[in-house]
file target11.cif (mmCIF, C-alpha atoms and all ligand atoms)
data_work
loop_
_atom_site.label_atom_id
_atom_site.label_comp_id
_atom_site.auth_asym_id
_atom_site.auth_seq_id
_atom_site.Cartn_x
_atom_site.Cartn_y
_atom_site.Cartn_z
CA MET A 1 5.70 9.51 33.61
CA THR A 2 2.20 8.23 32.83
CA SER A 3 1.27 7.20 29.33
CA LYS A 4 -1.18 10.12 29.18
CA GLU A 5 1.56 12.63 30.11
CA GLY A 6 3.83 11.07 27.53
CA TYR A 7 1.19 11.36 24.85
CA GLU A 8 0.59 15.03 25.71
CA LEU A 9 4.33 15.75 25.52
CA LEU A 10 4.68 14.07 22.11
CA LYS A 11 1.52 15.71 20.80
CA ALA A 12 2.74 19.16 21.88
CA GLY A 13 6.16 18.70 20.25
CA ALA A 14 4.76 17.24 17.05
CA SER A 15 2.08 19.91 16.72
CA GLU A 16 4.81 22.58 16.68
CA LEU A 17 5.99 20.83 13.53
CA GLY A 18 2.46 20.73 12.11
CA ILE A 19 2.18 16.97 12.72
CA ASP A 20 -0.80 15.37 14.45
CA VAL A 21 -0.17 12.17 16.43
CA ASN A 22 -3.27 10.03 17.01
CA GLU A 23 -3.83 7.61 19.89
CA SER A 24 -2.98 4.44 18.01
CA GLN A 25 0.26 6.04 16.82
CA TRP A 26 1.01 6.98 20.43
CA ASP A 27 0.45 3.33 21.44
CA CYS A 28 3.20 2.40 18.95
CA PHE A 29 5.55 5.07 20.31
CA TYR A 30 4.86 3.90 23.86
CA GLU A 31 5.61 0.26 23.01
CA TYR A 32 8.77 1.36 21.16
CA MET A 33 9.91 3.35 24.21
CA THR A 34 9.25 0.34 26.48
CA LEU A 35 11.28 -1.97 24.22
CA LEU A 36 14.06 0.62 23.90
CA LYS A 37 14.43 0.93 27.69
CA ASP A 38 14.29 -2.83 28.17
CA TRP A 39 16.85 -3.75 25.46
CA ASN A 40 19.04 -0.83 26.54
CA THR A 41 19.70 -2.65 29.82
CA ARG A 42 21.39 -5.43 27.81
CA MET A 43 23.02 -3.55 24.92
CA ASN A 44 24.15 -0.03 24.15
CA LEU A 45 21.29 1.57 22.21
CA THR A 46 21.03 5.05 23.67
CA SER A 47 22.37 7.19 26.51
CA ILE A 48 18.93 8.82 26.79
CA THR A 49 16.84 6.73 29.14
CA GLU A 50 14.30 9.01 30.85
CA ASP A 51 10.79 9.00 29.31
CA ALA A 52 10.46 12.76 28.74
CA ALA A 53 13.93 12.87 27.21
CA ILE A 54 13.22 9.89 24.92
CA ILE A 55 9.99 11.51 23.77
CA THR A 56 11.52 14.91 23.04
CA LYS A 57 15.13 14.14 22.06
CA HIS A 58 14.43 10.99 20.05
CA PHE A 59 10.76 10.99 18.98
CA VAL A 60 10.01 14.70 18.42
CA ASP A 61 13.49 15.28 17.03
CA SER A 62 13.00 12.43 14.52
CA LEU A 63 9.77 14.08 13.41
CA THR A 64 11.50 17.35 12.49
CA ILE A 65 11.87 15.98 8.95
CA ALA A 66 8.30 14.66 8.79
CA PRO A 67 6.84 17.81 7.18
CA TYR A 68 9.11 17.44 4.12
CA ILE A 69 8.01 13.85 3.63
CA LYS A 70 4.34 14.44 4.40
CA GLU A 71 4.04 16.92 1.52
CA SER A 72 5.28 14.39 -1.01
CA LEU A 73 3.02 11.56 0.18
CA GLU A 74 -0.13 13.45 -0.73
CA GLY A 75 -1.08 11.74 -4.00
CA GLY A 76 1.27 9.98 -6.37
CA ALA A 77 3.15 6.68 -6.22
CA PRO A 78 4.32 5.13 -2.89
CA LYS A 79 7.59 6.62 -1.66
CA THR A 80 10.70 5.00 -0.19
CA LEU A 81 13.02 6.36 2.50
CA CYS A 82 16.35 4.95 3.66
CA ASP A 83 17.65 5.83 7.10
CA ILE A 84 21.43 5.43 6.98
CA GLY A 85 23.11 4.56 10.30
CA THR A 86 19.71 4.15 11.93
CA GLY A 87 21.11 2.79 15.24
CA ALA A 88 18.13 2.27 17.56
CA GLY A 89 15.79 3.42 14.76
CA PHE A 90 16.10 7.21 14.65
CA PRO A 91 14.62 8.84 12.69
CA GLY A 92 13.32 5.85 10.67
CA ILE A 93 10.93 4.19 13.16
CA PRO A 94 9.12 7.39 14.27
CA LEU A 95 8.63 8.30 10.59
CA LYS A 96 7.33 4.79 9.84
CA ILE A 97 4.83 5.06 12.70
CA MET A 98 3.58 8.39 11.37
CA PHE A 99 3.49 7.40 7.69
CA PRO A 100 2.28 3.78 7.24
CA GLU A 101 2.31 4.18 3.45
CA LEU A 102 6.03 5.13 3.36
CA LYS A 103 8.41 2.24 2.61
CA VAL A 104 11.35 2.47 5.02
CA LEU A 105 14.79 0.83 4.83
CA LEU A 106 16.72 0.91 8.12
CA VAL A 107 20.42 0.57 7.29
CA ASP A 108 23.19 -0.06 9.79
CA SER A 109 26.51 -1.88 9.88
CA LEU A 110 25.90 -3.09 13.44
CA ASN A 111 23.68 -6.17 13.40
CA LYS A 112 22.92 -6.15 17.14
CA ARG A 113 20.95 -2.91 16.76
CA LEU A 114 19.07 -4.32 13.78
CA LEU A 115 17.99 -7.34 15.85
CA PHE A 116 16.43 -4.87 18.27
CA LEU A 117 14.70 -3.14 15.36
CA ASP A 118 13.40 -6.46 13.99
CA GLU A 119 11.75 -6.99 17.38
CA VAL A 120 10.30 -3.44 17.34
CA ILE A 121 8.90 -4.00 13.83
CA ALA A 122 7.32 -7.32 14.85
CA ARG A 123 5.86 -6.06 18.15
CA LEU A 124 4.43 -2.87 16.61
CA GLY A 125 3.11 -4.81 13.60
CA LEU A 126 4.77 -2.36 11.19
CA GLN A 127 4.52 -3.17 7.49
CA LYS A 128 6.69 -2.06 4.56
CA VAL A 129 9.80 -1.60 6.68
CA GLU A 130 13.02 -3.62 6.45
CA THR A 131 16.31 -3.73 8.29
CA VAL A 132 19.38 -3.86 6.05
CA HIS A 133 22.62 -5.06 7.60
CA MET A 134 25.19 -3.32 5.42
CA ARG A 135 27.72 -0.58 5.45
CA ALA A 136 26.31 2.48 3.73
CA GLU A 137 29.14 2.29 1.18
CA ASP A 138 28.02 -1.23 0.11
CA PHE A 139 24.35 -0.30 0.26
CA GLY A 140 24.98 2.60 -2.15
CA ARG A 141 26.71 0.30 -4.64
CA ASP A 142 24.15 -2.50 -4.46
CA PRO A 143 22.00 -2.49 -7.64
CA ARG A 144 18.88 -3.27 -5.53
CA PHE A 145 19.21 0.13 -3.84
CA ARG A 146 21.43 2.35 -6.01
CA ASN A 147 19.65 5.29 -7.68
CA LYS A 148 16.30 3.94 -6.40
CA THR A 149 14.94 5.72 -3.30
CA ASP A 150 12.89 8.91 -3.02
CA PHE A 151 14.35 10.05 0.30
CA SER A 152 17.42 9.37 2.37
CA THR A 153 18.22 10.67 5.82
CA ALA A 154 20.74 10.34 8.64
CA ARG A 155 21.09 11.66 12.17
CA ALA A 156 24.32 11.69 14.18
CA VAL A 157 26.33 9.57 11.74
CA ALA A 158 29.16 11.61 10.15
CA PRO A 159 30.27 15.10 9.09
CA MET A 160 28.48 16.41 6.01
CA ASN A 161 31.29 15.84 3.48
CA VAL A 162 31.34 12.16 4.56
CA LEU A 163 27.59 11.84 4.96
CA LEU A 164 26.91 12.97 1.41
CA GLU A 165 28.85 10.00 0.05
CA LEU A 166 27.03 7.60 2.41
CA CYS A 167 23.50 8.88 1.86
CA THR A 168 23.07 10.04 -1.74
CA PRO A 169 24.04 7.07 -4.00
CA ALA A 170 20.80 5.22 -3.13
CA LEU A 171 18.65 8.21 -4.12
CA LYS A 172 16.99 8.28 -7.50
CA PRO A 173 17.62 11.40 -9.61
CA GLY A 174 15.24 14.03 -8.22
CA GLY A 175 15.37 12.29 -4.81
CA ILE A 176 15.89 14.26 -1.60
CA PHE A 177 18.52 13.83 1.11
CA LEU A 178 17.41 15.29 4.46
CA ALA A 179 20.51 15.69 6.64
CA MET A 180 19.67 16.20 10.33
CA LYS A 181 22.33 18.32 11.96
CA GLY A 182 22.94 20.28 15.14
CA GLY A 183 24.42 23.74 15.30
CA ARG A 184 28.00 22.64 14.61
CA ASP A 185 29.88 24.15 11.65
CA GLU A 186 29.74 21.56 8.87
CA GLY A 187 32.73 23.04 7.04
CA ASP A 188 32.94 23.14 3.27
CA PHE A 189 30.97 20.39 1.58
CA ALA A 190 30.40 22.06 -1.80
CA ALA A 191 33.03 19.89 -3.52
CA ALA A 192 31.50 16.68 -2.13
CA ALA A 193 28.00 17.77 -3.23
CA LYS A 194 29.24 18.52 -6.74
CA LYS A 195 31.06 15.20 -7.12
CA LEU A 196 27.99 13.33 -5.88
CA SER A 197 25.58 15.16 -8.23
CA VAL A 198 23.50 16.77 -5.50
CA ARG A 199 22.49 20.39 -4.99
CA LEU A 200 21.76 22.06 -1.66
CA GLU A 201 18.21 23.38 -2.07
CA LYS A 202 17.58 24.83 1.36
CA THR A 203 18.73 24.91 4.99
CA ASP A 204 16.01 25.12 7.64
CA ARG A 205 16.74 26.00 11.26
CA MET A 206 14.32 25.16 14.02
CA THR A 207 14.23 24.83 17.76
CA ILE A 208 12.55 22.00 19.58
CA THR A 209 11.68 21.85 23.25
CA THR A 210 13.59 19.06 24.95
CA ALA A 211 13.15 17.64 28.44
CA GLU A 212 16.59 16.47 29.47
CA GLY A 213 15.92 15.18 32.95
CA GLY A 214 12.15 15.26 33.14
CA LEU A 215 9.17 17.51 32.48
CA SER A 216 10.43 20.16 34.90
CA GLU A 217 13.70 20.64 33.01
CA GLN A 218 12.66 21.79 29.58
CA THR A 219 15.19 23.52 27.36
CA GLU A 220 15.50 24.46 23.71
CA ALA A 221 17.63 22.53 21.25
CA GLU A 222 18.62 23.63 17.77
CA ARG A 223 18.01 21.37 14.81
CA ILE A 224 19.20 22.21 11.32
CA ILE A 225 17.84 20.34 8.31
CA TYR A 226 19.87 20.48 5.11
CA ILE A 227 17.80 19.59 2.07
CA PHE A 228 19.72 18.28 -0.93
CA LYS A 229 18.29 17.26 -4.30
CA LYS A 230 19.99 14.69 -6.50
CA THR A 231 20.35 16.09 -9.99
CA SER A 232 21.58 13.01 -11.91
CA PRO A 233 22.63 9.38 -11.25
CA THR A 234 25.66 8.97 -8.98
CA ALA A 235 28.96 8.68 -10.89
CA PRO A 236 30.23 5.05 -11.05
CA MET A 237 33.22 5.68 -8.75
CA TYR A 238 31.00 6.60 -5.76
CA PRO A 239 30.56 5.57 -3.06
CA ARG A 240 34.17 4.47 -2.64
CA LYS A 241 35.03 1.31 -0.78
CA ALA A 242 34.05 0.94 2.89
CA GLY A 243 36.00 3.26 5.16
CA MET A 244 37.26 5.58 2.40
CA PRO A 245 34.55 8.26 2.75
CA SER A 246 35.57 8.97 6.35
CA LYS A 247 39.30 8.39 5.82
CA SER A 248 39.51 10.75 2.88
CA PRO A 249 36.36 12.92 2.63
CA LEU A 250 35.57 14.30 -0.82
N1 LIG B 1 20.79 7.59 13.75
C1 LIG B 1 20.76 7.08 15.10
C2 LIG B 1 20.42 8.17 16.08
O1 LIG B 1 20.38 9.34 15.70
O2 LIG B 1 20.16 7.87 17.25
C3 LIG B 1 22.08 6.39 15.47
C4 LIG B 1 23.27 7.29 15.58
S1 LIG B 1 24.71 6.40 16.07
C5 LIG B 1 25.65 7.67 16.80
C6 LIG B 1 25.52 6.12 14.51
C7 LIG B 1 25.08 4.83 13.84
O3 LIG B 1 25.58 4.83 12.49
C8 LIG B 1 25.61 3.57 14.50
O4 LIG B 1 24.55 2.66 14.74
C9 LIG B 1 26.62 3.01 13.52
O5 LIG B 1 26.68 1.59 13.54
C10 LIG B 1 26.08 3.54 12.18
N2 LIG B 1 27.10 3.72 11.13
C11 LIG B 1 28.20 4.50 11.18
N3 LIG B 1 28.88 4.43 10.01
C12 LIG B 1 28.15 3.60 9.19
C13 LIG B 1 28.34 3.12 7.85
N4 LIG B 1 29.40 3.48 7.13
N5 LIG B 1 27.41 2.30 7.36
C14 LIG B 1 26.33 1.91 8.10
N6 LIG B 1 26.11 2.32 9.36
C15 LIG B 1 27.01 3.16 9.91
#

call {"tool": "encode", "arguments": {"input": "target11.cif", "output": "structure tokens", "more": "lines below"}}
Ligand code: SAM
result
Amino acid sequence: MTSKEGYELLKAGASELGIDVNESQWDCFYEYMTLLKDWNTRMNLTSITEDAAIITKHFVDSLTIAPYIKESLEGGAPKTLCDIGTGAGFPGIPLKIMFPELKVLLVDSLNKRLLFLDEVIARLGLQKVETVHMRAEDFGRDPRFRNKTDFSTARAVAPMNVLLELCTPALKPGGIFLAMKGGRDEGDFAAAAKKLSVRLEKTDRMTITTAEGGLSEQTEAERIIYIFKKTSPTAPMYPRKAGMPSKSPL
């Protein structure tokens, strides 16, 4: 796929979300895609390797939460987002490219992936973005991060009743957790939300056009965004020690 075709594909997907991608932002996405494919030959970063699929299933999909963040960046103090279990940088890096003023923390327990992200950050010249090598449970207890961030998010990390314990302790009261989910039944997570002092504000369903094997094979994929608001500081007992949230979900 040529760079021009790639740009058109990203622009089309993003514009369905009300997001405009300019040429210099596309240059960053293109460089990111090049690095992703190169590093992926040496380490396991993603099973999605075809350009059109990377653009739709990683880049456009990451931007499905951009509209919620964009709104809050208009005026006011700088905002912070933590991407928990960021892996190869999704959704954190695409959001960083789109919103230079947003401070982004990319959190993962697997250092190899963060070394890749350090290279992406350096090569793209991104500012106000850090990789944090920690388990989410330790990150949420660390006084540097606990009750501090405006947004948290996660894609493909854990079921909702586990994810809530991993992603909400770092939020400040009033902060928003944007959980990116597929169509799967998330079960009952009301008890976990209550214990973690968050309230489900809204659930938005959308479809994005994905190109699995190339431009000629476009299909629709469902994305569900759960929007939680933190109502008060996280109770001292949460998050529990590493491994407990998934072993014994709230
Ligand atoms: N969010 C990325 C995406 O959508 O492509 C990566 C998803 S990958 C399936 C899950 C990632 O979450 C892995 O990189 C893994 O190391 C990380 N992870 C899982 N549990 C974690 C925890 N408790 N703390 C920090 N990272 C965690």

call {"tool": "closest_residue", "arguments": {"input": "target11.cif", "among": "A:Arg113, A:Val198, A:Pro236, A:Lys128", "to": "Asp142 (chain A)", "atoms": "only C-alpha atoms"}}
result
A:Pro236

call {"tool": "atom_distance", "arguments": {"input": "target11.cif", "atom1": "CA of Asp108 (chain A)", "atom2": "CA of Arg184 (chain A)"}}
result
23.7 Å

call {"tool": "residues_around", "arguments": {"input": "target11.cif", "residues": "Gly243 (chain A)", "least_positions_apart": "4", "cutoff": "9 Å", "atoms": "only C-alpha atoms", "output": "list in words"}}
result
Glu137, Lys247 and Ser248 of chain A

call {"tool": "residues_near_ligand", "arguments": {"input": "target11.cif", "ligand": "ligand LIG 1 (chain B)", "cutoff": "10 Å", "atoms": "all atoms listed in the file", "output": "PDB file with C-alpha atoms, in the frame of the given file"}}
result
ATOM      1  CA  ASN A  44      24.150  -0.030  24.150  1.00  0.00           C
ATOM      2  CA  LEU A  45      21.290   1.570  22.210  1.00  0.00           C
ATOM      3  CA  THR A  46      21.030   5.050  23.670  1.00  0.00           C
ATOM      4  CA  SER A  47      22.370   7.190  26.510  1.00  0.00           C
ATOM      5  CA  ILE A  48      18.930   8.820  26.790  1.00  0.00           C
ATOM      6  CA  LYS A  57      15.130  14.140  22.060  1.00  0.00           C
ATOM      7  CA  HIS A  58      14.430  10.990  20.050  1.00  0.00           C
ATOM      8  CA  ASP A  61      13.490  15.280  17.030  1.00  0.00           C
ATOM      9  CA  SER A  62      13.000  12.430  14.520  1.00  0.00           C
ATOM     10  CA  ASP A  83      17.650   5.830   7.100  1.00  0.00           C
ATOM     11  CA  ILE A  84      21.430   5.430   6.980  1.00  0.00           C
ATOM     12  CA  GLY A  85      23.110   4.560  10.300  1.00  0.00           C
ATOM     13  CA  THR A  86      19.710   4.150  11.930  1.00  0.00           C
ATOM     14  CA  GLY A  87      21.110   2.790  15.240  1.00  0.00           C
ATOM     15  CA  ALA A  88      18.130   2.270  17.560  1.00  0.00           C
ATOM     16  CA  GLY A  89      15.790   3.420  14.760  1.00  0.00           C
ATOM     17  CA  PHE A  90      16.100   7.210  14.650  1.00  0.00           C
ATOM     18  CA  PRO A  91      14.620   8.840  12.690  1.00  0.00           C
ATOM     19  CA  GLY A  92      13.320   5.850  10.670  1.00  0.00           C
ATOM     20  CA  LEU A 106      16.720   0.910   8.120  1.00  0.00           C
ATOM     21  CA  VAL A 107      20.420   0.570   7.290  1.00  0.00           C
ATOM     22  CA  ASP A 108      23.190  -0.060   9.790  1.00  0.00           C
ATOM     23  CA  SER A 109      26.510  -1.880   9.880  1.00  0.00           C
ATOM     24  CA  LEU A 110      25.900  -3.090  13.440  1.00  0.00           C
ATOM     25  CA  ASN A 111      23.680  -6.170  13.400  1.00  0.00           C
ATOM     26  CA  LYS A 112      22.920  -6.150  17.140  1.00  0.00           C
ATOM     27  CA  ARG A 113      20.950  -2.910  16.760  1.00  0.00           C
ATOM     28  CA  LEU A 114      19.070  -4.320  13.780  1.00  0.00           C
ATOM     29  CA  VAL A 132      19.380  -3.860   6.050  1.00  0.00           C
ATOM     30  CA  HIS A 133      22.620  -5.060   7.600  1.00  0.00           C
ATOM     31  CA  MET A 134      25.190  -3.320   5.420  1.00  0.00           C
ATOM     32  CA  ARG A 135      27.720  -0.580   5.450  1.00  0.00           C
ATOM     33  CA  ALA A 136      26.310   2.480   3.730  1.00  0.00           C
ATOM     34  CA  GLU A 137      29.140   2.290   1.180  1.00  0.00           C
ATOM     35  CA  ASP A 138      28.020  -1.230   0.110  1.00  0.00           C
ATOM     36  CA  PHE A 139      24.350  -0.300   0.260  1.00  0.00           C
ATOM     37  CA  GLY A 140      24.980   2.600  -2.150  1.00  0.00           C
ATOM     38  CA  THR A 153      18.220  10.670   5.820  1.00  0.00           C
ATOM     39  CA  ALA A 154      20.740  10.340   8.640  1.00  0.00           C
ATOM     40  CA  ARG A 155      21.090  11.660  12.170  1.00  0.00           C
ATOM     41  CA  ALA A 156      24.320  11.690  14.180  1.00  0.00           C
ATOM     42  CA  VAL A 157      26.330   9.570  11.740  1.00  0.00           C
ATOM     43  CA  ALA A 158      29.160  11.610  10.150  1.00  0.00           C
ATOM     44  CA  VAL A 162      31.340  12.160   4.560  1.00  0.00           C
ATOM     45  CA  LEU A 163      27.590  11.840   4.960  1.00  0.00           C
ATOM     46  CA  GLU A 165      28.850  10.000   0.050  1.00  0.00           C
ATOM     47  CA  LEU A 166      27.030   7.600   2.410  1.00  0.00           C
ATOM     48  CA  CYS A 167      23.500   8.880   1.860  1.00  0.00           C
ATOM     49  CA  MET A 180      19.670  16.200  10.330  1.00  0.00           C
ATOM     50  CA  LYS A 181      22.330  18.320  11.960  1.00  0.00           C
ATOM     51  CA  LYS A 241      35.030   1.310  -0.780  1.00  0.00           C
ATOM     52  CA  ALA A 242      34.050   0.940   2.890  1.00  0.00           C
ATOM     53  CA  GLY A 243      36.000   3.260   5.160  1.00  0.00           C
ATOM     54  CA  MET A 244      37.260   5.580   2.400  1.00  0.00           C
ATOM     55  CA  PRO A 245      34.550   8.260   2.750  1.00  0.00           C
ATOM     56  CA  SER A 246      35.570   8.970   6.350  1.00  0.00           C
TER      57      SER A 246
END

call {"tool": "residues_around", "arguments": {"input": "target11.cif", "residues": "region 97-104 of chain A", "least_positions_apart": "5", "cutoff": "6 Å", "atoms": "only C-alpha atoms", "output": "PyMOL selection string"}}
result
chain A and resi 79-82+128-129

call {"tool": "write_last_selection", "arguments": {"input": "target11.cif", "atoms": "C-alpha atoms", "output": "short mmCIF file (atom, residue, chain, number, x, y, z; two decimals), keeping the file's coordinate frame"}}
result
data_model
loop_
_atom_site.label_atom_id
_atom_site.label_comp_id
_atom_site.auth_asym_id
_atom_site.auth_seq_id
_atom_site.Cartn_x
_atom_site.Cartn_y
_atom_site.Cartn_z
CA LYS A 79 7.59 6.62 -1.66
CA THR A 80 10.70 5.00 -0.19
CA LEU A 81 13.02 6.36 2.50
CA CYS A 82 16.35 4.95 3.66
CA LYS A 128 6.69 -2.06 4.56
CA VAL A 129 9.80 -1.60 6.68
#

call {"tool": "closest_residue", "arguments": {"input": "target11.cif", "among": "A:Glu222, A:Glu8, A:Glu186, A:Asp51", "to": "Arg205 (chain A)", "atoms": "all atoms listed in the file"}}
result
A:Glu222

call {"tool": "atom_distance", "arguments": {"input": "target11.cif", "atom1": "CA of Asp38 (chain A)", "atom2": "CA of Leu10 (chain A)"}}
result
20.4 Å

call {"tool": "residues_around", "arguments": {"input": "target11.cif", "residues": "Ser197 (chain A)", "least_positions_apart": "5", "cutoff": "6 Å", "atoms": "only C-alpha atoms", "output": "list in words"}}
result
Lys230, Thr231 and Ser232 of chain A

call {"tool": "closest_residue", "arguments": {"input": "target11.cif", "among": "A:Leu196, A:Leu115, A:Leu73, A:Ala221", "to": "Met237 (chain A)", "atoms": "all atoms listed in the file"}}
result
A:Leu196

call {"tool": "residues_around", "arguments": {"input": "target11.cif", "residues": "Asn147 (chain A)", "least_positions_apart": "3", "cutoff": "8 Å", "atoms": "all atoms listed in the file", "output": "list in words"}}
result
Pro169, Ala170, Leu171, Lys172, Pro173, Pro233 and Thr234 of chain A

call {"tool": "closest_atom_pairs", "arguments": {"input": "target11.cif", "of": "region 30-97 of chain A", "to": "region 11-14 of chain A", "cutoff": "10 Å", "atoms": "all atoms listed in the file", "output": "CSV"}}
result
residue,atom,partner,partner_atom,distance
A:Ile55,CA,A:Gly13,CA,8.9
A:Thr56,CA,A:Gly13,CA,7.1
A:Phe59,CA,A:Ala14,CA,8.9
A:Val60,CA,A:Gly13,CA,5.8
A:Asp61,CA,A:Gly13,CA,8.7
A:Ser62,CA,A:Ala14,CA,9.9
A:Leu63,CA,A:Ala14,CA,7.0
A:Thr64,CA,A:Ala14,CA,8.1
A:Ala66,CA,A:Ala14,CA,9.3

call {"tool": "closest_residue", "arguments": {"input": "target11.cif", "among": "A:Gln218, A:Ile176, A:Ser3, A:Ile227", "to": "Glu201 (chain A)", "atoms": "only C-alpha atoms"}}
result
A:Ile227

call {"tool": "closest_residue", "arguments": {"input": "target11.cif", "among": "A:Arg240, A:Arg144, A:Lys194, A:Lys202", "to": "Ile225 (chain A)", "atoms": "all atoms listed in the file"}}
result
A:Lys202

call {"tool": "closest_residue", "arguments": {"input": "target11.cif", "among": "A:Thr203, A:Ile93, A:Asp150, A:Glu16", "to": "Ala77 (chain A)", "atoms": "all atoms listed in the file"}}
result
A:Asp150

call {"tool": "atom_distance", "arguments": {"input": "target11.cif", "atom1": "CA of Tyr7 (chain A)", "atom2": "CA of Asp20 (chain A)"}}
result
11.3 Å

call {"tool": "axis_aligned_box", "arguments": {"input": "target11.cif", "around": "region 214-233 of chain A", "padding_each_side": "3 Å", "output": "JSON"}}
result
{"center_x": 15.9, "center_y": 16.9, "center_z": 11.5, "size_x": 19.5, "size_y": 21.1, "size_z": 52.8}

call {"tool": "decode", "arguments": {"input": "target11.cif", "residues": "region 173-208 of chain A", "atoms": "C-alpha atoms", "output": "PDB file, in the first residue's frame"}}
result
ATOM      1  CA  PRO A 173     -11.923  12.153  41.521  1.00  0.00           C
ATOM      2  CA  GLY A 174     -14.000  13.345  38.561  1.00  0.00           C
ATOM      3  CA  GLY A 175     -11.597  11.537  36.190  1.00  0.00           C
ATOM      4  CA  ILE A 176     -12.872   9.350  33.361  1.00  0.00           C
ATOM      5  CA  PHE A 177     -12.089   5.715  32.564  1.00  0.00           C
ATOM      6  CA  LEU A 178     -12.713   4.861  28.896  1.00  0.00           C
ATOM      7  CA  ALA A 179     -12.882   1.066  28.601  1.00  0.00           C
ATOM      8  CA  MET A 180     -12.534  -0.148  25.001  1.00  0.00           C
ATOM      9  CA  LYS A 181     -14.463  -3.364  24.553  1.00  0.00           C
ATOM     10  CA  GLY A 182     -15.750  -5.622  21.790  1.00  0.00           C
ATOM     11  CA  GLY A 183     -19.200  -7.119  21.654  1.00  0.00           C
ATOM     12  CA  ARG A 184     -18.557  -9.770  24.316  1.00  0.00           C
ATOM     13  CA  ASP A 185     -20.806  -9.905  27.393  1.00  0.00           C
ATOM     14  CA  GLU A 186     -18.854  -8.229  30.201  1.00  0.00           C
ATOM     15  CA  GLY A 187     -20.915  -9.893  32.928  1.00  0.00           C
ATOM     16  CA  ASP A 188     -21.828  -8.129  36.136  1.00  0.00           C
ATOM     17  CA  PHE A 189     -19.352  -5.444  37.133  1.00  0.00           C
ATOM     18  CA  ALA A 190     -21.654  -3.282  39.270  1.00  0.00           C
ATOM     19  CA  ALA A 191     -20.111  -4.533  42.529  1.00  0.00           C
ATOM     20  CA  ALA A 192     -16.570  -3.807  41.301  1.00  0.00           C
ATOM     21  CA  ALA A 193     -17.587  -0.300  40.166  1.00  0.00           C
ATOM     22  CA  LYS A 194     -19.156   0.433  43.550  1.00  0.00           C
ATOM     23  CA  LYS A 195     -16.147  -0.783  45.539  1.00  0.00           C
ATOM     24  CA  LEU A 196     -13.828   1.281  43.342  1.00  0.00           C
ATOM     25  CA  SER A 197     -15.916   4.476  43.644  1.00  0.00           C
ATOM     26  CA  VAL A 198     -16.745   4.760  39.956  1.00  0.00           C
ATOM     27  CA  ARG A 199     -20.079   5.199  38.217  1.00  0.00           C
ATOM     28  CA  LEU A 200     -20.946   4.025  34.709  1.00  0.00           C
ATOM     29  CA  GLU A 201     -22.040   7.207  32.931  1.00  0.00           C
ATOM     30  CA  LYS A 202     -22.677   5.902  29.441  1.00  0.00           C
ATOM     31  CA  THR A 203     -22.080   3.040  27.008  1.00  0.00           C
ATOM     32  CA  ASP A 204     -21.513   3.979  23.367  1.00  0.00           C
ATOM     33  CA  ARG A 205     -21.658   1.434  20.551  1.00  0.00           C
ATOM     34  CA  MET A 206     -20.066   2.113  17.207  1.00  0.00           C
ATOM     35  CA  THR A 207     -18.947   0.263  14.135  1.00  0.00           C
ATOM     36  CA  ILE A 208     -15.672   0.874  12.385  1.00  0.00           C
TER      37      ILE A 208
END
